[in-house]
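Participant: Mind having a look at this structure? Questions to follow.
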Amino acid sequence: MSSSVLVTGGAGYIGSITVERLANAGCRVVVLDDLSKGHRAAVAEGVPLVVGSVGDVELVSRVLREHAVDSVIHFAAMSLVGESMERPAEYYDNNVVAGSKLLEAMAAAGVEKIVFSSSAGVYGEPESVPIRESHPAKPVNVYGDTKLVFERILEWRSEASGLRYISLRYFNAAGASENFGEDHRPESHLIPIALQVAAGTRPELVVFGDDYDTPDGTCIRDYIDVRDLCDAHIAALDALDRGQKGIYNLGNGEGWSVVNVIDSAESVTGKQIRRRMGERREGDPARLVASSSLAEKELGWRPAHPELGDMIEAAWKWMLRCPEGYPE
Ligand code: UDP
């Protein structure tokens, strides 16, 4: 396993839990985060946090050298589909231009290995499910396109130089670890919203459309336990050390509808979750379910927590522990 890892976006939801798991596995970790969305309190105790931008080549190359980093896990990005359609320039600047600067800093410091946090959003409206990595990548929003463009940069840079990369295309991350969880402001994701209604801090949940071509008419997503997702990054670092590279889906291979999620949240919390049917949200495909068989075969990774109820329970425990989220 890598001895020293820079985690960009390590104060965010998936980044913070990856940092925790890397540190627990005995790895030296340094976090770079501009704290625009992340939380200082989400960085595990004892892990150094550098507050700054991944696009700051001088800063990043200095951090890489000072911490003798040999691999980077790159999470730092803007990640809201709706916002990306309203502010595309910022998405390309942050997710593509600043990301490219990060690669420049890595090259300057002689760091060759990177694991990239990509998204199922690169596929767009699926032509078939479950979705394999060979499925055409035709993003239907700016966010998905920024992830795809950065994957292409990785591929071409790896052709041209010593860069070695693995890109992980996540489906829907869910749940929490014991210490760290999901705290987006404002919150837009289904599971935390359902739990906020259960906790009484939000009056109701609006279901975004019940006229989709699915059994109950609501959208189906592949929810993957965030702890499993984070472990896949550690497996990817090991795979890079074995000389592997490429693109892998990370999902459960099973889909749950919005109604399934709300019902499961009711049974985990023992509370009624007030729901109201609303309009479709723009850009939502009816069904997104992953085939993760390539990750299983080549990374030796498979979800250890495949049950939706377990993910929701972990998220609920974290919410009860930190009802206000992280302190500012
Ligand atoms: N969703 C919903 N109401 C909400 C938030 C989300 O019905 O308040 C639906 C959304 O349309 C999608 C699913 O829940 O079908 C998961 O949405 P989320 O934003 O959590 O993740 P995404 O699939 O957009 O990455």
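So you can find residues: chains in the structure tokens are A, B, ... in the order shown, residues in each start at 1, and ligands are numbered from 1 in order.
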Which residues are near ligand 1 in this structure, taking near to mean any atom at most 9 Å from a ligand atom and counting only C-alpha atoms and all ligand atoms? Format them as a VMD selection string.
Facilitator: chain A and resid 80 to 81 119 to 121 171 to 174 187 to 194 204 to 210 218 to 223 257 to 259 261 277 to 278 280 to 288
Participant: Write out as a VMD selection string each polymer residue whose atoms come within 9 Å of region 230-235 of chain A, counting only C-alpha atoms; drop sequence neighbours fewer than 3 positions from it.
Facilitator: chain A and resid 1 to 2 14 to 15 17 to 19 21 to 22 73 115 to 117 168 225 to 227 238 to 240 250 295 299 to 303
Participant: If you keep C-alpha atoms, can you produce a file of those selected residues as a compact mmCIF listing (two decimals), in the first residue's frame?
Facilitator:
# COMPACT_ATOMS: atom_id res chain seq x y z
CA MET A 1 0.00 0.00 0.00
CA SER A 2 1.04 3.59 -0.64
CA ILE A 14 -16.58 10.71 0.79
CA GLY A 15 -13.13 12.25 1.23
CA ILE A 17 -14.31 8.77 5.38
CA THR A 18 -11.58 7.72 2.95
CA VAL A 19 -9.05 9.66 5.04
CA ARG A 21 -9.98 4.52 6.61
CA LEU A 22 -6.54 5.22 5.12
CA ILE A 73 -6.73 10.65 -4.33
CA VAL A 115 -7.14 7.79 -8.04
CA PHE A 116 -9.88 10.02 -9.42
CA SER A 117 -13.37 10.46 -8.03
CA LEU A 168 -13.80 5.39 -10.09
CA ASP A 225 -22.41 2.22 1.19
CA VAL A 226 -19.90 5.05 1.59
CA ARG A 227 -17.61 2.79 3.67
CA ASP A 238 -3.01 -1.23 -4.33
CA ALA A 239 -4.00 -1.94 -7.94
CA LEU A 240 -1.93 1.02 -9.15
CA LEU A 250 -18.64 1.37 -8.14
CA ALA A 295 -13.99 -3.70 -10.06
CA LEU A 299 -9.59 -4.49 -7.91
CA GLY A 300 -10.70 -7.44 -5.80
CA TRP A 301 -13.43 -5.18 -4.36
CA ARG A 302 -17.00 -5.96 -3.53
CA PRO A 303 -19.48 -4.21 -1.22
Participant: Counting only C-alpha atoms, what is within 9 Å of Asp183 (chain A), bar same-chain residues fewer than 6 positions away, as a PDB file with N, CA and C atoms, in the first residue's frame?
Facilitator:
ATOM      1  N   GLY A  12     -14.592  16.652   2.762  1.00  0.00           N
ATOM      2  CA  GLY A  12     -15.958  16.429   2.274  1.00  0.00           C
ATOM      3  C   GLY A  12     -16.494  15.069   2.712  1.00  0.00           C
ATOM      4  N   TYR A  13     -17.665  14.736   2.197  1.00  0.00           N
ATOM      5  CA  TYR A  13     -18.365  13.519   2.644  1.00  0.00           C
ATOM      6  C   TYR A  13     -17.546  12.243   2.374  1.00  0.00           C
ATOM      7  N   GLY A  38     -16.369  21.625   2.273  1.00  0.00           N
ATOM      8  CA  GLY A  38     -15.932  20.688   3.310  1.00  0.00           C
ATOM      9  C   GLY A  38     -15.958  21.320   4.690  1.00  0.00           C
ATOM     10  N   HIS A  39     -15.683  20.498   5.698  1.00  0.00           N
ATOM     11  CA  HIS A  39     -15.753  20.945   7.087  1.00  0.00           C
ATOM     12  C   HIS A  39     -14.443  20.577   7.793  1.00  0.00           C
ATOM     13  N   PRO A 192     -30.350  11.781   3.250  1.00  0.00           N
ATOM     14  CA  PRO A 192     -30.328  12.746   4.356  1.00  0.00           C
ATOM     15  C   PRO A 192     -31.614  13.562   4.469  1.00  0.00           C
ATOM     16  N   GLU A 324     -26.936  18.669  14.197  1.00  0.00           N
ATOM     17  CA  GLU A 324     -26.729  19.940  13.473  1.00  0.00           C
ATOM     18  C   GLU A 324     -25.668  19.786  12.396  1.00  0.00           C
ATOM     19  N   GLY A 325     -25.185  18.577  12.152  1.00  0.00           N
ATOM     20  CA  GLY A 325     -24.070  18.388  11.228  1.00  0.00           C
ATOM     21  C   GLY A 325     -22.764  18.768  11.916  1.00  0.00           C
ATOM     22  N   TYR A 326     -21.775  19.131  11.116  1.00  0.00           N
ATOM     23  CA  TYR A 326     -20.481  19.513  11.696  1.00  0.00           C
ATOM     24  C   TYR A 326     -20.546  20.929  12.247  1.00  0.00           C
TER      25      TYR A 326
END
Participant: From the set A:Pro327, A:Gly255, A:Gly175, A:Gly55, which residue has the shortest atom-to-atom contact distance to Asp310 (chain A), counting only C-alpha atoms?
Facilitator: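 With only C-alpha atoms as the atom set, the closest residue is A:Gly175.
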Participant: Rank A:Ser134, A:Thr214, A:Ser158, A:Ser4 by their smallest atom-to-atom distance to Trp256 (chain A), using only C-alpha atoms, and report the top residue only.
Facilitator: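 For Trp256 (chain A), the nearest of the candidates is A:Thr214.
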Participant: What are the nearest atom pairs, with distances in Å to one decimal, for all residues of region 212-294 of chain A that come at most 8 Å from region 311-322 of chain A, using only C-alpha atoms, set out by chain and rising residue number as a Markdown table?
Facilitator:
| residue | atom | partner | partner_atom | distance |
| --- | --- | --- | --- | --- |
| A:Ile224 | CA | A:Met311 | CA | 8.0 |
| A:Asp225 | CA | A:Met311 | CA | 5.7 |
| A:Ser264 | CA | A:Ile312 | CA | 7.6 |
| A:Ala265 | CA | A:Ile312 | CA | 6.3 |
| A:Val268 | CA | A:Glu313 | CA | 6.0 |
| A:Thr269 | CA | A:Trp316 | CA | 7.3 |
Participant: How would the residues just picked look written out with all heavy atoms as a CSV table (one decimal), in the first residue's frame?
Facilitator:
chain,number,residue,atom,x,y,z
A,224,ILE,N,-24.8,2.8,-2.8
A,224,ILE,CA,-23.6,2.1,-2.4
A,224,ILE,C,-23.1,2.7,-1.1
A,224,ILE,O,-23.0,3.9,-0.9
A,224,ILE,CB,-22.5,2.1,-3.5
A,224,ILE,CG1,-21.2,1.6,-3.1
A,224,ILE,CG2,-22.3,3.5,-4.1
A,224,ILE,CD1,-21.1,0.2,-3.2
A,225,ASP,N,-22.8,1.8,-0.1
A,225,ASP,CA,-22.4,2.2,1.2
A,225,ASP,C,-21.1,3.0,1.1
A,225,ASP,O,-20.1,2.5,0.5
A,225,ASP,CB,-22.2,1.0,2.1
A,225,ASP,CG,-22.1,1.4,3.6
A,225,ASP,OD1,-21.1,2.1,3.9
A,225,ASP,OD2,-23.0,1.1,4.4
A,264,SER,N,-37.8,2.3,3.6
A,264,SER,CA,-36.7,1.8,4.4
A,264,SER,C,-36.3,2.7,5.5
A,264,SER,O,-36.1,2.3,6.7
A,264,SER,CB,-35.6,1.4,3.5
A,264,SER,OG,-34.5,1.0,4.2
A,265,ALA,N,-36.3,4.0,5.2
A,265,ALA,CA,-36.0,5.1,6.2
A,265,ALA,C,-37.0,5.1,7.3
A,265,ALA,O,-36.7,5.3,8.5
A,265,ALA,CB,-35.8,6.4,5.6
A,268,VAL,N,-36.3,2.0,9.5
A,268,VAL,CA,-35.1,2.1,10.3
A,268,VAL,C,-35.3,3.1,11.5
A,268,VAL,O,-34.9,2.9,12.6
A,268,VAL,CB,-33.9,2.7,9.4
A,268,VAL,CG1,-32.7,3.2,10.3
A,268,VAL,CG2,-33.4,1.6,8.5
A,269,THR,N,-36.0,4.2,11.2
A,269,THR,CA,-36.1,5.3,12.2
A,269,THR,C,-37.4,5.0,13.1
A,269,THR,O,-37.4,5.6,14.2
A,269,THR,CB,-36.3,6.7,11.5
A,269,THR,OG1,-37.5,6.6,10.7
A,269,THR,CG2,-35.1,7.0,10.7
Participant: Excluding Met85 (chain A) and any residue of its chain fewer than 4 positions from it, enumerate the residues within 8 Å of it, using only C-alpha atoms, and give them as a ChimeraX atom specification.
Facilitator: /A:81,141-143
Participant: Keeping only all heavy atoms, write those residues as a tab-separated table (two decimals), in the first residue's frame.
Facilitator:
chain	number	residue	atom	x	y	z
A	81	VAL	N	-25.59	18.68	-9.85
A	81	VAL	CA	-26.03	18.70	-11.25
A	81	VAL	C	-26.74	20.01	-11.60
A	81	VAL	O	-26.41	20.68	-12.58
A	81	VAL	CB	-26.95	17.49	-11.52
A	81	VAL	CG1	-27.65	17.63	-12.86
A	81	VAL	CG2	-26.15	16.20	-11.47
A	141	ASN	N	-25.42	16.56	-18.51
A	141	ASN	CA	-25.31	17.82	-17.77
A	141	ASN	C	-23.83	18.19	-17.64
A	141	ASN	O	-22.94	17.38	-17.91
A	141	ASN	CB	-25.99	17.71	-16.40
A	141	ASN	CG	-25.50	16.52	-15.61
A	141	ASN	OD1	-24.31	16.39	-15.34
A	141	ASN	ND2	-26.42	15.63	-15.27
A	142	VAL	N	-23.60	19.44	-17.24
A	142	VAL	CA	-22.24	19.99	-17.17
A	142	VAL	C	-21.39	19.20	-16.18
A	142	VAL	O	-20.23	18.87	-16.45
A	142	VAL	CB	-22.30	21.48	-16.79
A	142	VAL	CG1	-20.92	22.02	-16.44
A	142	VAL	CG2	-22.93	22.28	-17.92
A	143	TYR	N	-21.98	18.88	-15.03
A	143	TYR	CA	-21.23	18.14	-14.01
A	143	TYR	C	-20.65	16.85	-14.60
A	143	TYR	O	-19.45	16.57	-14.49
A	143	TYR	CB	-22.14	17.85	-12.80
A	143	TYR	CG	-21.53	16.84	-11.86
A	143	TYR	CD1	-20.39	17.16	-11.14
A	143	TYR	CD2	-22.10	15.58	-11.70
A	143	TYR	CE1	-19.82	16.23	-10.28
A	143	TYR	CE2	-21.53	14.65	-10.85
A	143	TYR	CZ	-20.39	14.97	-10.14
A	143	TYR	OH	-19.82	14.05	-9.31
Participant: Between A:Ser128, A:Ser161, A:Asn179, A:Ser118, which residue has the minimum interatomic distance to Val149 (chain A), considering only C-alpha atoms?
Facilitator: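 Once distances to Val149 (chain A) are computed over only C-alpha atoms, the minimum belongs to A:Ser118.
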